[in-house]
file model.tsv (TSV, C-alpha atoms)
chain	number	residue	atom	x	y	z
S	1	MET	CA	-0.26	5.63	9.19
S	2	ILE	CA	3.32	4.48	9.63
S	3	GLY	CA	3.11	2.41	6.43
S	4	ASN	CA	1.86	5.39	4.44
S	5	LEU	CA	4.67	7.57	5.77
S	6	GLY	CA	7.20	4.94	4.72
S	7	THR	CA	5.54	4.55	1.35
S	8	VAL	CA	5.65	8.24	0.57
S	9	ILE	CA	9.11	9.08	1.87
S	10	VAL	CA	11.41	6.05	1.57
S	11	ASP	CA	9.73	3.61	-0.80
S	12	GLN	CA	12.32	2.33	-3.24
S	13	SER	CA	9.75	1.77	-5.98
S	14	TYR	CA	9.06	5.51	-6.15
S	15	TRP	CA	12.76	6.23	-6.53
S	16	GLN	CA	13.12	3.55	-9.20
S	17	SER	CA	10.21	5.07	-11.14
S	18	ALA	CA	11.67	8.55	-10.83
S	19	ILE	CA	15.11	7.46	-12.03
S	20	ALA	CA	13.70	5.50	-14.98
S	21	ALA	CA	11.45	8.32	-16.20
S	22	ARG	CA	12.36	11.53	-17.98
S	23	PRO	CA	12.75	14.36	-15.40
S	24	ASN	CA	9.91	16.40	-16.89
S	25	ALA	CA	7.52	13.43	-16.89
S	26	ALA	CA	8.58	12.30	-13.41
S	27	ALA	CA	7.91	15.72	-11.89
S	28	LYS	CA	4.44	15.92	-13.45
S	29	GLY	CA	3.69	12.35	-12.39
S	30	PHE	CA	4.70	12.95	-8.78
S	31	TYR	CA	2.68	16.17	-8.59
S	32	LEU	CA	-0.39	14.47	-10.06
S	33	GLY	CA	0.10	11.45	-7.81
S	34	GLY	CA	0.34	13.66	-4.73
S	35	ILE	CA	-2.87	15.46	-5.66
S	36	CYS	CA	-4.69	12.16	-6.26
S	37	TRP	CA	-3.23	10.60	-3.10
S	38	PHE	CA	-5.12	13.19	-1.05
S	39	SER	CA	-8.11	14.19	-3.15
S	40	ILE	CA	-9.52	10.80	-4.15
S	41	PRO	CA	-9.79	9.30	-0.62
S	42	PHE	CA	-10.91	12.64	0.82
S	43	SER	CA	-13.68	13.23	-1.72
S	44	LEU	CA	-14.83	9.60	-1.63
S	45	ALA	CA	-14.99	9.53	2.17
S	46	THR	CA	-16.72	12.91	2.32
S	47	ALA	CA	-19.34	12.03	-0.30
S	48	LEU	CA	-20.16	8.62	1.12
S	49	GLY	CA	-20.01	9.77	4.75
S	50	LEU	CA	-22.32	12.73	4.15
S	51	SER	CA	-24.68	10.60	2.08
S	52	ALA	CA	-24.92	8.07	4.93
S	53	VAL	CA	-25.79	10.88	7.35
S	54	SER	CA	-28.29	12.55	5.02
S	55	LEU	CA	-30.00	9.24	4.22
S	56	LEU	CA	-30.23	8.47	7.96
S	57	LEU	CA	-28.74	5.02	7.51
S	58	PRO	CA	-28.95	2.88	10.66
S	59	ILE	CA	-25.22	2.65	11.31
S	60	THR	CA	-24.12	1.88	14.86
S	61	LYS	CA	-21.15	3.49	16.55
S	62	THR	CA	-19.25	0.20	16.38
S	63	GLU	CA	-19.88	-0.10	12.63
S	64	ALA	CA	-18.79	3.50	12.07
S	65	GLN	CA	-15.59	2.95	14.06
S	66	ALA	CA	-14.91	-0.18	11.98
S	67	GLY	CA	-15.00	1.93	8.81
S	68	LEU	CA	-18.23	0.53	7.40
S	69	VAL	CA	-19.90	3.88	6.62
S	70	PRO	CA	-18.70	4.06	2.98
S	71	ALA	CA	-19.76	0.47	2.36
S	72	ALA	CA	-23.21	1.04	3.89
S	73	ALA	CA	-23.74	4.20	1.82
S	74	ALA	CA	-22.55	2.53	-1.38
S	75	VAL	CA	-24.82	-0.47	-0.83
S	76	HIS	CA	-27.79	1.78	-0.07
S	77	LEU	CA	-27.21	3.97	-3.14
S	78	LEU	CA	-26.04	1.37	-5.67
S	79	GLY	CA	-27.18	-1.99	-4.31
S	80	THR	CA	-24.91	-4.97	-4.89
S	81	GLY	CA	-22.98	-2.96	-7.48
S	82	GLY	CA	-21.99	-0.54	-4.71
S	83	SER	CA	-20.71	-3.33	-2.51
S	84	ALA	CA	-18.77	-4.76	-5.46
S	85	ALA	CA	-17.28	-1.34	-6.22
S	86	ILE	CA	-16.13	-0.85	-2.61
S	87	LEU	CA	-14.71	-4.38	-2.52
S	88	ILE	CA	-12.82	-3.88	-5.80
S	89	MET	CA	-11.41	-0.50	-4.68
S	90	LEU	CA	-10.32	-1.96	-1.36
S	91	PHE	CA	-8.73	-4.99	-3.02
S	92	MET	CA	-6.87	-2.83	-5.55
S	93	ALA	CA	-5.54	-0.49	-2.86
S	94	ILE	CA	-4.31	-3.36	-0.68
S	95	VAL	CA	-2.69	-5.26	-3.55
S	96	SER	CA	-1.03	-2.11	-4.88
S	97	SER	CA	0.39	-1.23	-1.46
S	98	GLY	CA	1.61	-4.77	-0.86
S	99	SER	CA	3.20	-4.98	-4.29
S	100	SER	CA	4.93	-1.66	-3.83
S	101	GLU	CA	6.38	-2.69	-0.49
S	102	CYS	CA	7.53	-6.05	-1.86
S	103	VAL	CA	9.32	-4.35	-4.77
S	104	ALA	CA	10.95	-1.86	-2.43
S	105	VAL	CA	12.18	-4.39	0.11
S	106	SER	CA	13.34	-6.95	-2.45
S	107	SER	CA	15.30	-4.45	-4.51
S	108	LEU	CA	16.94	-2.98	-1.41
S	109	VAL	CA	17.96	-6.41	-0.16
S	110	ALA	CA	19.13	-7.65	-3.58
S	111	TYR	CA	21.08	-4.60	-4.70
S	112	ASP	CA	22.08	-2.77	-1.53
S	113	ILE	CA	22.84	-5.74	0.71
S	114	TYR	CA	23.37	-8.91	-1.37
S	115	ARG	CA	25.28	-7.42	-4.31
S	116	GLU	CA	27.13	-4.88	-2.19
S	117	TYR	CA	28.25	-7.06	0.75
S	118	VAL	CA	27.51	-10.74	0.10
S	119	ASN	CA	28.31	-11.32	-3.58
S	120	PRO	CA	29.78	-8.32	-5.44
S	121	ASN	CA	30.06	-10.42	-8.64
S	122	ALA	CA	26.39	-11.42	-8.62
S	123	THR	CA	24.83	-12.17	-12.00
S	124	GLY	CA	21.34	-11.25	-13.08
S	125	LYS	CA	20.13	-14.74	-12.16
S	126	ASP	CA	21.60	-14.38	-8.67
S	127	ILE	CA	19.86	-11.03	-8.17
S	128	LEU	CA	16.57	-12.46	-9.44
S	129	ARG	CA	16.83	-15.44	-7.08
S	130	VAL	CA	17.55	-13.21	-4.08
S	131	THR	CA	14.68	-10.91	-5.08
S	132	ARG	CA	12.23	-13.82	-5.23
S	133	PHE	CA	13.37	-15.25	-1.89
S	134	THR	CA	13.10	-11.81	-0.31
S	135	ILE	CA	9.54	-11.34	-1.57
S	136	VAL	CA	8.47	-14.74	-0.20
S	137	PHE	CA	10.11	-14.26	3.19
S	138	PHE	CA	9.01	-10.62	3.49
S	139	GLY	CA	5.44	-11.62	2.66
S	140	MET	CA	5.46	-14.41	5.22
S	141	GLY	CA	7.03	-12.11	7.81
S	142	MET	CA	4.41	-9.44	7.23
S	143	GLY	CA	1.71	-12.09	7.53
S	144	VAL	CA	3.07	-13.13	10.91
S	145	VAL	CA	3.22	-9.49	12.05
S	146	VAL	CA	-0.38	-8.85	10.93
S	147	ILE	CA	-1.68	-11.98	12.65
S	148	THR	CA	0.20	-11.07	15.83
S	149	LEU	CA	-1.16	-7.51	15.85
S	150	HIS	CA	-4.68	-8.78	15.19
S	151	THR	CA	-4.37	-11.34	17.99
S	152	LEU	CA	-3.22	-8.59	20.37
S	153	GLY	CA	-6.19	-6.45	19.34
S	154	LEU	CA	-4.05	-3.74	17.74
S	155	HIS	CA	-5.59	-2.42	14.52
S	156	MET	CA	-6.34	0.85	12.77
S	157	GLY	CA	-9.11	1.71	15.24
S	158	TRP	CA	-7.31	0.90	18.48
call {"tool": "encode", "arguments": {"input": "model.tsv", "output": "structure tokens"}}
result
Amino acid sequence: MIGNLGTVIVDQSYWQSAIAARPNAAAKGFYLGGICWFSIPFSLATALGLSAVSLLLPITKTEAQAGLVPAAAAVHLLGTGGSAAILIMLFMAIVSSGSSECVAVSSLVAYDIYREYVNPNATGKDILRVTRFTIVFFGMGMGVVVITLHTLGLHMGW
């Protein structure tokens, strides 16, 4: 929940997209994105959740709390294709979120910290190098945070 709040409000990649686009196109894109950001997960969860209930799928409370209801419904309705579809959607959502956060953090560090305070005369190569280092270290840092939270038993269902 905290990550989504940060993504929507302060994510640098959204600002970069808005600045690079024409104002008319950016406004339409943000409106459409906001509608999709709510409607696609809501409709998918509602359809698969209600189908699992109506089909009387044998889903335990623990499985439901772990978020396995959409996967169970998709597998029951579509077989292995349903499980592949859920897996692909989940993979795409995770990679997109991770990529967006990496772009945001690396550009903030490179332009707002490195070029502003460390090396005001930085060249394009310098900025690119700092961006790449930031992505690697940010990724490793997030990996450590995730492993720590998992080890402590803190997750989305805690």
call {"tool": "closest_residue", "arguments": {"input": "model.tsv", "among": "S:Tyr31, S:His76, S:Trp37, S:Val103", "to": "S:Trp15", "atoms": "only C-alpha atoms"}}
result
S:Val103
call {"tool": "atom_distance", "arguments": {"input": "model.tsv", "atom1": "atom CA of S:Gly81", "atom2": "atom CA of S:Thr62"}}
result
24.4 Å
call {"tool": "residues_around", "arguments": {"input": "model.tsv", "residues": "S:Pro58", "least_positions_apart": "4", "cutoff": "10 Å", "atoms": "only C-alpha atoms", "output": "number ranges by chain"}}
result
S: 52-53, 63, 69, 72
call {"tool": "residues_around", "arguments": {"input": "model.tsv", "residues": "S:Leu57", "least_positions_apart": "2", "cutoff": "12 Å", "atoms": "all atoms listed in the file", "output": "list in words"}}
result
Leu48, Gly49, Leu50, Ser51, Ala52, Val53, Ser54, Leu55, Ile59, Thr60, Lys61, Glu63, Ala64, Leu68, Val69, Pro70, Ala71, Ala72, Ala73, Ala74, Val75, His76 and Leu77 of chain S
call {"tool": "closest_residue", "arguments": {"input": "model.tsv", "among": "S:Thr134, S:Thr46, S:Asn24, S:Thr148", "to": "S:Glu101", "atoms": "all atoms listed in the file"}}
result
S:Thr134
call {"tool": "closest_residue", "arguments": {"input": "model.tsv", "among": "S:Ser107, S:Ser39, S:Ser99, S:Asn119", "to": "S:Gly139", "atoms": "all atoms listed in the file"}}
result
S:Ser99
call {"tool": "closest_residue", "arguments": {"input": "model.tsv", "among": "S:Val118, S:Ala104, S:Val145, S:Ile88", "to": "S:Thr131", "atoms": "all atoms listed in the file"}}
result
S:Ala104
call {"tool": "closest_residue", "arguments": {"input": "model.tsv", "among": "S:Leu128, S:Leu44, S:Arg115, S:Gln65", "to": "S:Ile86", "atoms": "all atoms listed in the file"}}
result
S:Leu44
call {"tool": "atom_distance", "arguments": {"input": "model.tsv", "atom1": "atom CA of S:Ile135", "atom2": "atom CA of S:Val105"}}
result
7.6 Å
call {"tool": "atom_distance", "arguments": {"input": "model.tsv", "atom1": "atom CA of S:Phe137", "atom2": "atom CA of S:Lys125"}}
result
18.3 Å
call {"tool": "closest_residue", "arguments": {"input": "model.tsv", "among": "S:Gly98, S:Val130, S:Gly67, S:Pro120", "to": "S:Met142", "atoms": "all atoms listed in the file"}}
result
S:Gly98
call {"tool": "residues_around", "arguments": {"input": "model.tsv", "residues": "stretch 26-30 of chain S", "least_positions_apart": "5", "cutoff": "8 Å", "atoms": "all atoms listed in the file", "output": "list in words"}}
result
Ser17, Ala18 and Ala21 of chain S
call {"tool": "build_atoms", "arguments": {"input": "model.tsv", "residues": "stretch 124-145 of chain S", "atoms": "N, CA and C atoms", "output": "CSV table (one decimal), keeping the file's coordinate frame"}}
result
chain,number,residue,atom,x,y,z
S,124,GLY,N,22.8,-11.6,-13.0
S,124,GLY,CA,21.3,-11.2,-13.1
S,124,GLY,C,20.5,-12.4,-12.5
S,125,LYS,N,20.9,-13.6,-12.7
S,125,LYS,CA,20.1,-14.7,-12.2
S,125,LYS,C,20.2,-14.8,-10.6
S,126,ASP,N,21.4,-14.4,-10.1
S,126,ASP,CA,21.6,-14.4,-8.7
S,126,ASP,C,20.7,-13.3,-8.1
S,127,ILE,N,20.7,-12.1,-8.7
S,127,ILE,CA,19.9,-11.0,-8.2
S,127,ILE,C,18.4,-11.4,-8.2
S,128,LEU,N,18.0,-12.0,-9.3
S,128,LEU,CA,16.6,-12.5,-9.4
S,128,LEU,C,16.2,-13.5,-8.4
S,129,ARG,N,17.1,-14.4,-8.1
S,129,ARG,CA,16.8,-15.4,-7.1
S,129,ARG,C,16.7,-14.8,-5.7
S,130,VAL,N,17.6,-13.9,-5.4
S,130,VAL,CA,17.6,-13.2,-4.1
S,130,VAL,C,16.3,-12.4,-4.0
S,131,THR,N,15.9,-11.7,-5.1
S,131,THR,CA,14.7,-10.9,-5.1
S,131,THR,C,13.5,-11.8,-4.8
S,132,ARG,N,13.4,-12.9,-5.4
S,132,ARG,CA,12.2,-13.8,-5.2
S,132,ARG,C,12.2,-14.4,-3.8
S,133,PHE,N,13.3,-14.8,-3.3
S,133,PHE,CA,13.4,-15.2,-1.9
S,133,PHE,C,13.0,-14.1,-0.9
S,134,THR,N,13.4,-12.9,-1.2
S,134,THR,CA,13.1,-11.8,-0.3
S,134,THR,C,11.6,-11.5,-0.3
S,135,ILE,N,11.0,-11.6,-1.5
S,135,ILE,CA,9.5,-11.3,-1.6
S,135,ILE,C,8.8,-12.4,-0.8
S,136,VAL,N,9.2,-13.7,-0.9
S,136,VAL,CA,8.5,-14.7,-0.2
S,136,VAL,C,8.6,-14.6,1.3
S,137,PHE,N,9.9,-14.4,1.8
S,137,PHE,CA,10.1,-14.3,3.2
S,137,PHE,C,9.5,-13.0,3.8
S,138,PHE,N,9.6,-11.9,3.0
S,138,PHE,CA,9.0,-10.6,3.5
S,138,PHE,C,7.5,-10.8,3.6
S,139,GLY,N,6.9,-11.4,2.6
S,139,GLY,CA,5.4,-11.6,2.7
S,139,GLY,C,5.0,-12.5,3.8
S,140,MET,N,5.8,-13.6,4.1
S,140,MET,CA,5.5,-14.4,5.2
S,140,MET,C,5.7,-13.7,6.5
S,141,GLY,N,6.7,-12.9,6.6
S,141,GLY,CA,7.0,-12.1,7.8
S,141,GLY,C,5.9,-11.1,8.1
S,142,MET,N,5.5,-10.4,7.1
S,142,MET,CA,4.4,-9.4,7.2
S,142,MET,C,3.1,-10.1,7.6
S,143,GLY,N,2.9,-11.3,7.1
S,143,GLY,CA,1.7,-12.1,7.5
S,143,GLY,C,1.8,-12.4,9.0
S,144,VAL,N,2.9,-12.8,9.5
S,144,VAL,CA,3.1,-13.1,10.9
S,144,VAL,C,2.9,-11.9,11.8
S,145,VAL,N,3.4,-10.7,11.3
S,145,VAL,CA,3.2,-9.5,12.0
S,145,VAL,C,1.7,-9.1,12.1
